[in-house]
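Note: the block below is entry_31.tsv and it holds TSV, C-alpha atoms and all ligand atoms.
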chain	number	residue	atom	x	y	z
A	1	MET	CA	51.63	141.90	-274.65
A	2	SER	CA	53.03	138.42	-274.63
A	3	ILE	CA	52.16	135.12	-273.06
A	4	VAL	CA	54.56	132.38	-272.04
A	5	VAL	CA	53.20	128.86	-272.51
A	6	THR	CA	55.29	126.18	-270.82
A	7	GLY	CA	54.86	122.65	-272.14
A	8	ALA	CA	54.03	124.21	-275.53
A	9	ALA	CA	54.95	120.99	-277.37
A	10	GLY	CA	52.75	118.97	-275.04
A	11	PHE	CA	49.18	117.83	-275.61
A	12	ILE	CA	47.34	120.63	-273.81
A	13	GLY	CA	50.05	123.28	-274.29
A	14	SER	CA	50.08	122.94	-278.08
A	15	HIS	CA	46.29	123.33	-278.26
A	16	VAL	CA	46.33	126.33	-275.91
A	17	SER	CA	49.12	127.96	-277.94
A	18	LYS	CA	47.17	127.45	-281.17
A	19	VAL	CA	44.07	129.16	-279.78
A	20	LEU	CA	46.06	132.06	-278.30
A	21	LEU	CA	47.89	132.62	-281.61
A	22	ALA	CA	44.56	132.51	-283.48
A	23	ARG	CA	43.31	135.42	-281.41
A	24	GLY	CA	46.43	137.43	-282.20
A	25	GLU	CA	48.48	136.98	-279.03
A	26	THR	CA	52.27	136.74	-278.94
A	27	VAL	CA	53.19	133.29	-277.58
A	28	ILE	CA	56.60	132.37	-276.19
A	29	GLY	CA	56.65	128.57	-276.03
A	30	ILE	CA	58.91	126.64	-273.65
A	31	ASP	CA	59.44	122.87	-273.62
A	32	ASP	CA	62.39	120.53	-273.12
A	33	LEU	CA	61.00	117.99	-275.62
A	34	ASN	CA	61.98	115.13	-273.32
A	35	ASP	CA	61.44	111.49	-274.27
A	36	TYR	CA	58.88	110.46	-271.62
A	37	TYR	CA	56.86	109.60	-274.73
A	38	ASP	CA	57.78	109.75	-278.41
A	39	PRO	CA	59.41	113.18	-278.96
A	40	ALA	CA	58.38	112.94	-282.63
A	41	LEU	CA	54.80	113.61	-281.50
A	42	LYS	CA	55.98	116.69	-279.60
A	43	GLN	CA	57.92	117.85	-282.66
A	44	ALA	CA	54.86	117.32	-284.87
A	45	ARG	CA	52.71	119.42	-282.52
A	46	LEU	CA	55.38	122.09	-282.42
A	47	ALA	CA	55.62	122.10	-286.23
A	48	GLN	CA	52.04	123.38	-286.32
A	49	LEU	CA	53.03	126.41	-284.24
A	50	THR	CA	56.46	127.17	-285.65
A	51	GLY	CA	56.38	129.87	-288.30
A	52	GLN	CA	53.02	131.24	-287.20
A	53	PRO	CA	53.13	135.01	-286.66
A	54	GLY	CA	53.71	135.78	-282.99
A	55	PHE	CA	55.20	132.40	-282.04
A	56	SER	CA	58.70	131.82	-280.71
A	57	PHE	CA	60.11	128.75	-279.02
A	58	HIS	CA	62.77	128.06	-276.37
A	59	LYS	CA	63.97	124.52	-275.73
A	60	LEU	CA	64.52	124.71	-272.00
A	61	ASN	CA	64.30	122.50	-268.94
A	62	ILE	CA	62.22	124.45	-266.42
A	63	ALA	CA	64.11	122.76	-263.56
A	64	ASP	CA	67.11	124.85	-264.70
A	65	HIS	CA	65.97	127.80	-262.63
A	66	ALA	CA	68.82	130.11	-263.63
A	67	ALA	CA	67.90	129.65	-267.31
A	68	VAL	CA	64.20	130.25	-266.62
A	69	VAL	CA	64.87	133.41	-264.63
A	70	ALA	CA	67.32	134.67	-267.30
A	71	LEU	CA	64.74	134.09	-270.06
A	72	PHE	CA	61.98	135.90	-268.15
A	73	GLU	CA	64.30	138.80	-267.30
A	74	SER	CA	65.23	139.13	-270.96
A	75	GLN	CA	61.54	139.49	-271.95
A	76	PRO	CA	60.03	142.17	-269.69
A	77	ALA	CA	56.97	142.52	-271.98
A	78	ILE	CA	55.62	139.14	-270.80
A	79	ASP	CA	52.36	139.86	-269.02
A	80	ARG	CA	50.80	136.40	-268.68
A	81	VAL	CA	52.08	132.87	-268.17
A	82	VAL	CA	50.29	129.57	-268.80
A	83	HIS	CA	52.37	126.97	-267.02
A	84	LEU	CA	51.57	123.48	-268.30
A	85	ALA	CA	55.02	121.82	-268.44
A	86	ALA	CA	55.20	118.93	-266.02
A	87	GLN	CA	56.19	115.35	-265.64
A	88	ALA	CA	52.73	113.84	-266.07
A	89	GLY	CA	51.44	110.30	-265.54
A	90	VAL	CA	50.48	108.50	-262.34
A	91	ARG	CA	51.95	105.07	-263.11
A	92	TYR	CA	55.39	106.30	-264.23
A	93	SER	CA	55.77	108.10	-260.88
A	94	LEU	CA	55.93	104.69	-259.17
A	95	THR	CA	59.09	103.74	-261.04
A	96	HIS	CA	60.63	107.15	-261.85
A	97	PRO	CA	59.98	109.48	-258.88
A	98	PHE	CA	62.75	112.03	-259.42
A	99	PRO	CA	61.59	113.68	-262.68
A	100	TYR	CA	58.35	114.57	-260.82
A	101	ILE	CA	60.24	116.56	-258.21
A	102	ASP	CA	62.49	118.15	-260.87
A	103	ALA	CA	59.71	119.31	-263.20
A	104	ASN	CA	56.71	119.69	-260.89
A	105	VAL	CA	58.34	121.09	-257.77
A	106	THR	CA	61.70	122.66	-258.77
A	107	GLY	CA	60.35	123.63	-262.21
A	108	HIS	CA	57.16	125.07	-260.75
A	109	LEU	CA	59.23	127.13	-258.31
A	110	ALA	CA	61.46	128.35	-261.16
A	111	ILE	CA	58.41	129.56	-263.11
A	112	MET	CA	57.11	131.46	-260.06
A	113	GLU	CA	60.57	132.93	-259.44
A	114	GLY	CA	60.67	134.02	-263.10
A	115	CYS	CA	57.17	135.52	-262.77
A	116	ARG	CA	58.19	137.48	-259.69
A	117	ARG	CA	60.70	139.36	-261.85
A	118	LEU	CA	58.23	140.34	-264.57
A	119	PRO	CA	57.26	144.01	-264.19
A	120	LYS	CA	54.02	143.61	-266.18
A	121	LEU	CA	52.81	140.22	-264.97
A	122	THR	CA	49.03	140.18	-264.56
A	123	HIS	CA	48.36	136.43	-264.23
A	124	LEU	CA	50.03	133.03	-263.90
A	125	VAL	CA	47.72	130.13	-264.73
A	126	TYR	CA	49.11	126.69	-263.92
A	127	ALA	CA	48.03	123.09	-264.33
A	128	SER	CA	47.05	121.04	-261.34
A	129	SER	CA	45.23	117.73	-261.50
A	130	SER	CA	42.14	115.83	-260.36
A	131	SER	CA	44.61	113.38	-258.82
A	132	VAL	CA	45.01	115.76	-255.85
A	133	TYR	CA	41.64	114.41	-254.62
A	134	GLY	CA	43.47	111.11	-254.02
A	135	GLY	CA	41.58	108.71	-251.82
A	136	ASN	CA	38.53	110.99	-251.39
A	137	THR	CA	35.26	109.11	-251.67
A	138	LYS	CA	32.83	112.05	-251.66
A	139	LEU	CA	31.67	112.63	-255.23
A	140	PRO	CA	31.68	114.89	-257.12
A	141	PHE	CA	35.07	116.32	-256.10
A	142	ALA	CA	34.70	119.98	-255.12
A	143	VAL	CA	37.51	122.52	-254.81
A	144	GLU	CA	36.63	123.07	-251.14
A	145	ASP	CA	37.11	119.36	-250.29
A	146	PRO	CA	40.17	118.40	-248.23
A	147	VAL	CA	43.01	117.21	-250.47
A	148	GLU	CA	45.56	115.91	-248.01
A	149	ARG	CA	45.52	112.25	-249.03
A	150	PRO	CA	47.43	111.86	-252.32
A	151	VAL	CA	47.88	108.24	-253.44
A	152	SER	CA	50.67	108.83	-255.99
A	153	LEU	CA	53.82	110.93	-255.99
A	154	TYR	CA	52.47	112.67	-259.11
A	155	ALA	CA	49.44	113.81	-257.09
A	156	ALA	CA	51.65	114.90	-254.19
A	157	THR	CA	53.74	117.10	-256.52
A	158	LYS	CA	50.62	118.65	-258.05
A	159	ARG	CA	49.28	119.44	-254.59
A	160	ALA	CA	52.70	120.81	-253.64
A	161	GLY	CA	52.43	123.14	-256.66
A	162	GLU	CA	49.11	124.49	-255.36
A	163	LEU	CA	50.52	125.08	-251.88
A	164	MET	CA	53.63	126.77	-253.30
A	165	ALA	CA	51.36	129.02	-255.39
A	166	HIS	CA	49.34	129.96	-252.31
A	167	CYS	CA	52.60	130.83	-250.54
A	168	TYR	CA	53.91	132.99	-253.42
A	169	GLY	CA	50.52	134.67	-253.64
A	170	HIS	CA	50.85	135.51	-249.96
A	171	LEU	CA	54.50	136.60	-250.05
A	172	TYR	CA	54.65	138.43	-253.40
A	173	ARG	CA	50.97	139.03	-254.30
A	174	LEU	CA	51.46	137.08	-257.54
A	175	PRO	CA	48.00	136.67	-259.14
A	176	MET	CA	47.62	132.96	-259.86
A	177	THR	CA	45.00	130.41	-260.87
A	178	GLY	CA	45.46	126.65	-260.55
A	179	LEU	CA	43.36	124.40	-262.79
A	180	ARG	CA	42.65	120.81	-261.76
A	181	PHE	CA	42.23	119.02	-265.08
A	182	PHE	CA	40.16	115.81	-265.20
A	183	THR	CA	41.44	113.13	-267.66
A	184	VAL	CA	41.86	115.10	-270.87
A	185	TYR	CA	41.61	113.38	-274.27
A	186	GLY	CA	41.36	114.38	-277.92
A	187	PRO	CA	43.41	114.83	-281.11
A	188	TRP	CA	47.18	115.10	-280.52
A	189	GLY	CA	46.62	113.35	-277.15
A	190	ARG	CA	49.15	111.65	-274.94
A	191	PRO	CA	50.31	108.13	-275.82
A	192	ASP	CA	50.43	107.12	-272.13
A	193	MET	CA	46.72	107.79	-271.58
A	194	SER	CA	43.79	105.40	-271.87
A	195	ALA	CA	42.15	106.70	-275.08
A	196	TYR	CA	45.47	106.42	-276.94
A	197	ILE	CA	46.52	103.09	-275.35
A	198	PHE	CA	43.17	101.43	-276.11
A	199	THR	CA	42.92	102.78	-279.67
A	200	LYS	CA	46.48	101.70	-280.49
A	201	ALA	CA	45.96	98.19	-279.09
A	202	ILE	CA	42.63	97.79	-280.91
A	203	PHE	CA	44.12	98.79	-284.29
A	204	GLU	CA	47.16	96.57	-283.68
A	205	GLY	CA	44.97	93.61	-282.70
A	206	LYS	CA	46.51	93.44	-279.25
A	207	PRO	CA	44.66	92.92	-275.94
A	208	ILE	CA	43.92	95.81	-273.60
A	209	GLN	CA	44.33	95.72	-269.82
A	210	VAL	CA	41.22	96.78	-267.95
A	211	PHE	CA	42.08	97.64	-264.36
A	212	ASN	CA	40.02	97.06	-261.23
A	213	GLN	CA	38.07	94.45	-263.26
A	214	GLY	CA	36.53	97.37	-265.19
A	215	ASN	CA	35.01	98.91	-262.07
A	216	MET	CA	36.39	102.41	-262.67
A	217	GLN	CA	34.72	105.72	-263.43
A	218	ARG	CA	36.41	108.73	-264.93
A	219	ASP	CA	35.38	112.25	-265.74
A	220	PHE	CA	36.79	112.41	-269.28
A	221	THR	CA	37.19	115.94	-270.62
A	222	TYR	CA	37.56	116.83	-274.29
A	223	ILE	CA	40.57	118.96	-275.18
A	224	ASP	CA	38.57	121.86	-276.71
A	225	ASP	CA	36.58	122.22	-273.48
A	226	ILE	CA	39.82	122.25	-271.46
A	227	VAL	CA	41.38	124.88	-273.74
A	228	ALA	CA	38.28	127.08	-273.45
A	229	GLY	CA	38.58	126.79	-269.65
A	230	VAL	CA	42.29	127.64	-269.66
A	231	VAL	CA	41.76	130.72	-271.84
A	232	ALA	CA	38.74	131.84	-269.79
A	233	ALA	CA	40.80	131.53	-266.62
A	234	LEU	CA	43.70	133.40	-268.20
A	235	ASP	CA	41.39	136.31	-269.03
A	236	ARG	CA	40.11	136.50	-265.44
A	237	PRO	CA	42.97	137.10	-263.00
A	238	PRO	CA	41.86	136.88	-259.37
A	239	PRO	CA	41.44	140.39	-257.95
A	240	ASP	CA	43.87	141.35	-255.20
A	241	THR	CA	41.82	142.80	-252.37
A	242	GLY	CA	44.83	143.03	-250.08
A	243	GLY	CA	43.60	140.25	-247.80
A	244	ALA	CA	43.82	136.59	-248.83
A	245	PRO	CA	46.45	135.82	-251.51
A	246	PRO	CA	45.22	136.43	-255.09
A	247	HIS	CA	45.24	132.68	-255.79
A	248	ARG	CA	42.33	130.50	-256.83
A	249	VAL	CA	41.90	126.86	-257.77
A	250	TYR	CA	39.21	125.46	-260.11
A	251	ASN	CA	38.15	122.08	-261.44
A	252	LEU	CA	38.04	121.69	-265.22
A	253	GLY	CA	36.12	118.50	-265.91
A	254	ASN	CA	33.19	117.33	-267.99
A	255	HIS	CA	30.96	116.93	-264.92
A	256	ARG	CA	30.08	113.37	-266.02
A	257	SER	CA	31.62	110.28	-264.50
A	258	GLU	CA	31.72	107.61	-267.23
A	259	ASP	CA	32.09	103.89	-266.66
A	260	LEU	CA	35.39	102.69	-268.04
A	261	LEU	CA	33.65	99.84	-269.89
A	262	HIS	CA	31.33	102.32	-271.62
A	263	PHE	CA	34.34	104.45	-272.58
A	264	ILE	CA	35.93	101.34	-274.14
A	265	GLU	CA	32.69	100.53	-276.00
A	266	VAL	CA	32.66	104.01	-277.57
A	267	ILE	CA	36.28	103.57	-278.68
A	268	GLU	CA	35.42	100.15	-280.14
A	269	ARG	CA	32.56	101.68	-282.11
A	270	SER	CA	34.80	104.53	-283.31
A	271	CYS	CA	37.47	102.04	-284.44
A	272	ASN	CA	34.83	99.69	-285.83
A	273	ARG	CA	36.60	96.82	-284.07
A	274	LYS	CA	36.20	94.91	-280.82
A	275	ALA	CA	38.85	95.02	-278.10
A	276	GLU	CA	40.19	91.88	-276.48
A	277	LYS	CA	39.98	92.73	-272.78
A	278	ILE	CA	42.16	91.35	-270.03
A	279	PHE	CA	40.67	92.17	-266.65
A	280	GLU	CA	43.23	93.04	-263.99
A	281	ASP	CA	43.30	94.26	-260.37
A	282	MET	CA	43.53	97.89	-259.35
A	283	GLN	CA	46.96	99.44	-259.94
A	284	PRO	CA	48.85	101.09	-257.08
A	285	GLY	CA	48.52	104.88	-257.28
A	286	ASP	CA	45.21	104.72	-259.17
A	287	VAL	CA	41.87	105.94	-257.89
A	288	GLN	CA	38.57	104.20	-258.54
A	289	ALA	CA	36.47	107.20	-259.55
A	290	THR	CA	36.81	110.84	-260.52
A	291	TYR	CA	33.95	113.28	-261.01
A	292	ALA	CA	34.31	117.06	-261.16
A	293	ASP	CA	32.09	119.51	-259.35
A	294	ILE	CA	32.31	122.51	-261.72
A	295	GLU	CA	29.94	124.96	-260.00
A	296	ALA	CA	32.74	127.41	-259.11
A	297	SER	CA	34.24	127.19	-262.63
A	298	ARG	CA	30.81	127.85	-264.15
A	299	ARG	CA	30.22	130.79	-261.84
A	300	ASP	CA	33.63	132.50	-262.13
A	301	LEU	CA	34.95	131.37	-265.53
A	302	ASP	CA	31.72	130.78	-267.51
A	303	PHE	CA	33.15	127.30	-268.00
A	304	GLU	CA	30.69	125.02	-269.79
A	305	PRO	CA	31.97	121.70	-271.14
A	306	ARG	CA	30.13	120.80	-274.35
A	307	THR	CA	31.63	117.58	-275.64
A	308	SER	CA	30.39	114.12	-274.69
A	309	ILE	CA	32.65	111.08	-275.16
A	310	GLU	CA	30.26	109.97	-277.95
A	311	GLU	CA	31.31	113.10	-279.88
A	312	GLY	CA	34.89	113.45	-278.68
A	313	LEU	CA	36.21	109.88	-278.97
A	314	PRO	CA	35.39	109.48	-282.69
A	315	ARG	CA	37.28	112.75	-283.29
A	316	PHE	CA	40.26	111.35	-281.40
A	317	VAL	CA	40.13	108.07	-283.34
A	318	ASP	CA	39.91	109.99	-286.66
A	319	TRP	CA	43.01	111.95	-285.69
A	320	TYR	CA	44.76	108.72	-284.64
A	321	ARG	CA	43.99	107.05	-287.99
A	322	HIS	CA	45.29	110.06	-289.86
A	323	TYR	CA	48.44	110.61	-287.75
A	324	HIS	CA	49.39	106.92	-287.73
A	325	GLY	CA	48.23	106.18	-291.26
A	326	VAL	CA	45.69	103.53	-290.22
A	327	SER	CA	43.47	102.79	-293.20
A	328	GLY	CA	40.33	100.75	-293.75
A	329	GLU	CA	37.18	100.27	-291.77
A	330	GLY	CA	38.50	97.60	-289.44
A	331	GLY	CA	36.98	94.17	-289.03
B	1	LIG	N1	46.23	115.35	-269.88
B	1	LIG	C1	45.57	115.17	-268.72
B	1	LIG	O1	44.61	114.40	-268.62
B	1	LIG	C2	45.99	115.95	-267.50
B	1	LIG	C3	45.23	115.76	-266.33
B	1	LIG	C4	45.59	116.46	-265.19
B	1	LIG	C5	46.63	117.35	-265.22
B	1	LIG	N2	47.36	117.51	-266.36
B	1	LIG	C6	48.47	118.47	-266.34
B	1	LIG	O2	48.34	119.32	-267.47
B	1	LIG	C7	49.63	119.71	-267.93
B	1	LIG	C8	49.79	119.38	-269.39
B	1	LIG	O3	49.62	117.98	-269.55
B	1	LIG	P1	49.64	117.26	-270.96
B	1	LIG	O4	48.62	116.19	-270.92
B	1	LIG	O5	49.63	118.27	-272.05
B	1	LIG	O6	51.08	116.55	-270.85
B	1	LIG	P2	52.28	116.49	-271.90
B	1	LIG	O7	53.27	115.56	-271.28
B	1	LIG	O8	51.78	116.19	-273.26
B	1	LIG	O9	52.82	117.97	-271.87
B	1	LIG	C9	53.77	118.44	-270.94
B	1	LIG	C10	54.93	119.04	-271.71
B	1	LIG	O10	55.86	119.54	-270.76
B	1	LIG	C11	57.15	119.24	-271.20
B	1	LIG	N3	58.02	119.13	-270.02
B	1	LIG	C12	58.02	118.16	-269.08
B	1	LIG	N4	58.99	118.39	-268.18
B	1	LIG	C13	59.61	119.54	-268.57
B	1	LIG	C14	60.69	120.29	-268.06
B	1	LIG	N5	61.34	119.89	-266.96
B	1	LIG	N6	61.06	121.42	-268.71
B	1	LIG	C15	60.42	121.83	-269.83
B	1	LIG	N7	59.40	121.15	-270.38
B	1	LIG	C16	59.00	120.01	-269.75
B	1	LIG	C17	57.06	117.92	-271.92
B	1	LIG	O11	58.10	117.75	-272.87
B	1	LIG	C18	55.69	118.01	-272.57
B	1	LIG	O12	55.76	118.44	-273.91
B	1	LIG	C19	50.63	119.01	-267.01
B	1	LIG	O13	50.97	119.91	-265.98
B	1	LIG	C20	49.85	117.85	-266.45
B	1	LIG	O14	50.35	117.45	-265.20
B	1	LIG	C21	47.05	116.84	-267.51
Take the structure from the file and write it as structure tokens.
Amino acid sequence: MSIVVTGAAGFIGSHVSKVLLARGETVIGIDDLNDYYDPALKQARLAQLTGQPGFSFHKLNIADHAAVVALFESQPAIDRVVHLAAQAGVRYSLTHPFPYIDANVTGHLAIMEGCRRLPKLTHLVYASSSSVYGGNTKLPFAVEDPVERPVSLYAATKRAGELMAHCYGHLYRLPMTGLRFFTVYGPWGRPDMSAYIFTKAIFEGKPIQVFNQGNMQRDFTYIDDIVAGVVAALDRPPPDTGGAPPHRVYNLGNHRSEDLLHFIEVIERSCNRKAEKIFEDMQPGDVQATYADIEASRRDLDFEPRTSIEEGLPRFVDWYRHYHGVSGEGG
């Protein structure tokens, strides 16, 4: 039995791989180690996996569909795939639209084409995003809500991935689960996300930009809760009853919408320093609030997020201090 994890050197993919290896699975990691953010961080995450029994790694661009299909065909024992590789980030999609189509549309298609050729495939779990809820104002966001109003190209590609999955479920009966992650943070996190950006600026004594004058709410989800949700989903392929495609979509969020200013306060306390805040207008592509309805995830996946930002952010800041060699108590 072996599991492919795409984006294995990424934030969520490296944590998922670690947990799967710890329970004795064979993990085939794929990542192109691109420089969207510091590849040294990706290498450092990968270094924790390399050499562990059951782990192998392929440096591969998933948009290279011939290479993806050839790899999958060469490993017929693969029975599950966790597809997390993507061009992430809402703001970058405003200035660099093409990598989103390459990774999130062409790459997503390549992974499904590869899966179609696996004789033992039982489940493909892939990452979607809370950003698919776009301009929706009904809170919390529920999986049944209409999601036809994306406000960033990133969101549009993530929604496209869901629709493509539905189509492949219909055409080829591929069992698939899409997971809409809500703002994930924690150790080994992404440098382009708020927890990392704020912590870095605070330790470097630089100001932070607070968008929409601070009037933002986010459902921040701790990495361990996300990983538990991914693994729970992986273990529960949707049954194929012969009717609707065996494809489901779930929210993975903390089910708490936190004020951005409170989130910043908790980071300040964890860093033991105050942030200098510059209040700015709303950014194009951003949404004002996210809040996950997780009833379906609770019911079908036993998903139960356990980590508040008061617990999770200090753990992130501890990791940050250690990784970046920040010493002292701050001032
Ligand atoms: N972190 C969040 O808050 C969040 C929220 C919603 C959705 N997601 C989704 O979850 C998944 C994982 O996100 P993450 O936060 O770990 O991001 P990440 O950027 O840390 O990880 C993604 C990994 O995919 C790799 N990758 C990108 N394009 C590739 C390509 N063409 N071929 C091969 N590898 C490629 C990158 O090198 C990276 O290591 C993504 O699909 C992302 O869209 C994340």
Original post:
Phe220 of chain A: which residues within 10 Å, counting only C-alpha atoms, same-chain residues fewer than 5 positions away excluded, as a PyMOL selection string?
Top reply: chain A and resi 181-186+195+253-258+260+263+290-292+307-309+312
Restrict the calculation to all atoms listed in the file, then for each residue of chain A with any atom at most 7 Å from an atom of ligand LIG 1 (chain B) give the closest atom pair and their distance in Å to one decimal, rows by chain and rising residue number, as a Markdown table.
| residue | atom | partner | partner_atom | distance |
| --- | --- | --- | --- | --- |
| A:Thr6 | CA | B:LIG1 | N7 | 6.5 |
| A:Gly7 | CA | B:LIG1 | O10 | 3.5 |
| A:Ala8 | CA | B:LIG1 | O12 | 6.2 |
| A:Ala9 | CA | B:LIG1 | O12 | 4.4 |
| A:Gly10 | CA | B:LIG1 | O12 | 3.3 |
| A:Phe11 | CA | B:LIG1 | O5 | 3.6 |
| A:Ile12 | CA | B:LIG1 | O5 | 3.7 |
| A:Gly13 | CA | B:LIG1 | O5 | 5.5 |
| A:Ile30 | CA | B:LIG1 | C15 | 6.3 |
| A:Asp31 | CA | B:LIG1 | N7 | 3.7 |
| A:Asp32 | CA | B:LIG1 | C15 | 4.0 |
| A:Leu33 | CA | B:LIG1 | O11 | 4.0 |
| A:Asn34 | CA | B:LIG1 | O11 | 4.7 |
| A:Lys42 | CA | B:LIG1 | O12 | 6.0 |
| A:Leu60 | CA | B:LIG1 | C15 | 5.5 |
| A:Asn61 | CA | B:LIG1 | N6 | 3.4 |
| A:Ile62 | CA | B:LIG1 | N6 | 4.0 |
| A:Ala63 | CA | B:LIG1 | N5 | 5.2 |
| A:Leu84 | CA | B:LIG1 | C7 | 4.3 |
| A:Ala85 | CA | B:LIG1 | O10 | 3.4 |
| A:Ala86 | CA | B:LIG1 | C12 | 4.2 |
| A:Gln87 | CA | B:LIG1 | C12 | 4.8 |
| A:Ala88 | CA | B:LIG1 | O14 | 4.4 |
| A:Asp102 | CA | B:LIG1 | N5 | 6.4 |
| A:Ala103 | CA | B:LIG1 | N5 | 4.1 |
| A:Gly107 | CA | B:LIG1 | N5 | 6.1 |
| A:Ala127 | CA | B:LIG1 | O13 | 4.6 |
| A:Ser128 | CA | B:LIG1 | C5 | 5.4 |
| A:Ser129 | CA | B:LIG1 | C4 | 3.9 |
| A:Ser130 | CA | B:LIG1 | C4 | 6.0 |
| A:Arg180 | CA | B:LIG1 | C4 | 6.3 |
| A:Phe181 | CA | B:LIG1 | C4 | 4.2 |
| A:Phe182 | CA | B:LIG1 | C3 | 5.2 |
| A:Thr183 | CA | B:LIG1 | O1 | 3.5 |
| A:Val184 | CA | B:LIG1 | O1 | 3.6 |
| A:Tyr185 | CA | B:LIG1 | O1 | 6.5 |
| A:Arg190 | CA | B:LIG1 | O8 | 5.5 |
As a check of understanding: the span from atom CA of Ile208 of chain A to atom CA of Lys277 of chain A is 5.1 Å
| message | Give me the residues near Glu113 of chain A as JSON, numbers by chain, where near means some atom within 10 Å (using all atoms listed in the file) and where sequence neighbours in that chain fewer than 6 positions away do not count. | response | {"A": [65, 66, 68, 69, 72, 107, 168]}
(message) Which residue is closest to Leu163 of chain A? Choose from A:Ile197, A:Val105, A:Ile267, A:Met216 and count only C-alpha atoms.
(response)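 Smallest separation from Leu163 of chain A among the options: A:Val105.
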So, with all atoms listed in the file as the atoms that count, which of A:Pro99, A:Gly29, A:Pro150, A:Pro239 lies closest to Leu46 of chain A?
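Ranking A:Pro99, A:Gly29, A:Pro150, A:Pro239 by distance to Leu46 of chain A, first place goes to A:Gly29.
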key: Residues within 9 Å of Leu49 of chain A, all atoms listed in the file, excluding chain neighbours under 5 positions, as an MDAnalysis selection string   = chainID A and resid 9 14 17:18 21 55:56
Taken to one decimal, the atom CA of Ala296 of chain A-atom CA of Leu171 of chain A distance is 25.3 Å
6 Å contact set for Ser2 of chain A, all atoms listed in the file, chain neighbours under 6 positions out, as number ranges by chain
A: 26-27, 78-79
* Got a sec: who's within 8 Å of Cys115 of chain A, counting only C-alpha atoms, leaving out chain neighbours fewer than 6 positions off, as a PyMOL selection string? -> chain A and resi 72+81+121+124+174
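One finds atom CA of Val231 of chain A at 19.2 Å from atom CA of Pro53 of chain A.
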